[in-house]
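Enquirer: I have a structure I would like to understand better, so I am pasting it below and will then ask my questions one at a time.
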Amino acid sequence: MTDQFGNGQASLFGEAEDRIPHPKPASYVPDPDRIRQRLHAVLDTARAAPAKPWPEKDRRMWQTIFPNMSKWLPDDERDQLCFEFAAEIERLQLAA
């Protein structure tokens, strides 16, 4: 369809057949092995620390991110890792 200026340009808001096709967003499915490695690295850092391994801001961030990242793992593995992480955070807070 041509517009009022004689262009054959597709319309963003015109009729369905004239609209510019909207690309589907790329879906992202995280790799459970990479997530597992990252969570174990964070947990290892916490376990190895005699006291706070991170500044307060980073600790709060990990307390939020760790459980969210673990949601990509099987439920039993997720629950165990979150339990161990929470135990280490508690130990570190008591050590302070």
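Each chain of the structure tokens is named A, B, ... in the order shown, its residues numbered from 1; ligands are numbered from 1 in display order.
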Using only C-alpha atoms, determine which residues lie at most 10 Å from Phe66 in chain A, disregarding the query and same-chain residues fewer than 2 positions distant; provide the list as a list in words.
Expert: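 Final neighbour list, sorted by chain and number: Ile35, Arg38, Leu39, Val42, Leu43, Met61, Trp62, Gln63, Thr64, Asn68, Met69, Ser70, Lys71, Arg78, Leu81, Cys82, Phe85 and Ala86 of chain A.
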Enquirer: Produce a file of the selected residues containing C-alpha atoms, as a short mmCIF file (atom, residue, chain, number, x, y, z; two decimals), in the first residue's frame.
Expert:
```cif
data_model
loop_
_atom_site.label_atom_id
_atom_site.label_comp_id
_atom_site.auth_asym_id
_atom_site.auth_seq_id
_atom_site.Cartn_x
_atom_site.Cartn_y
_atom_site.Cartn_z
CA ILE A 35 24.58 -21.79 37.21
CA ARG A 38 28.63 -20.11 39.88
CA LEU A 39 26.55 -20.98 42.94
CA VAL A 42 29.86 -18.26 45.79
CA LEU A 43 29.24 -20.90 48.44
CA MET A 61 22.89 -8.80 46.75
CA TRP A 62 23.99 -12.44 47.06
CA GLN A 63 21.20 -13.15 49.52
CA THR A 64 18.78 -12.08 46.78
CA ASN A 68 16.87 -16.69 42.31
CA MET A 69 19.70 -18.28 40.34
CA SER A 70 19.09 -21.61 42.02
CA LYS A 71 15.55 -21.75 40.61
CA ARG A 78 18.13 -25.90 44.79
CA LEU A 81 22.26 -25.18 48.06
CA CYS A 82 20.00 -22.47 49.49
CA PHE A 85 24.18 -20.74 51.70
CA ALA A 86 21.80 -19.48 54.42
#
```
Enquirer: Arg91 in chain A: which residues within 10 Å, counting only C-alpha atoms, same-chain residues fewer than 5 positions away excluded, as a list in words?
Expert: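 Selected residues are Ala46, Arg47, Pro50, Ala51, Lys52, Phe85, Ala86 and Ala96 of chain A.
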Enquirer: Restricted to C-alpha atoms, what would the selected residues look like written as a tab-separated table (two decimals), in the first residue's frame?
Expert:
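out01.tsv, written as the output of this step:
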```tsv
chain	number	residue	atom	x	y	z
A	46	ALA	CA	31.48	-17.94	51.95
A	47	ARG	CA	32.74	-21.22	53.46
A	50	PRO	CA	36.55	-16.58	58.61
A	51	ALA	CA	34.55	-13.35	58.61
A	52	LYS	CA	32.57	-11.31	56.10
A	85	PHE	CA	24.18	-20.74	51.70
A	86	ALA	CA	21.80	-19.48	54.42
A	96	ALA	CA	31.24	-10.44	62.94
```
Enquirer: Pick the closest to Gln37 in chain A from A:Glu88, A:Leu73, A:Pro55, A:Asp79: which is it, counting only C-alpha atoms?
Expert: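 Using only C-alpha atoms, Gln37 in chain A sits closest to A:Leu73.
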Enquirer: Which one is closest to Trp72 in chain A: A:Lys24, A:Glu84, A:Ala95, A:Asp31? Count only C-alpha atoms.
Expert: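 Using only C-alpha atoms, the shortest distance to Trp72 in chain A belongs to A:Asp31.
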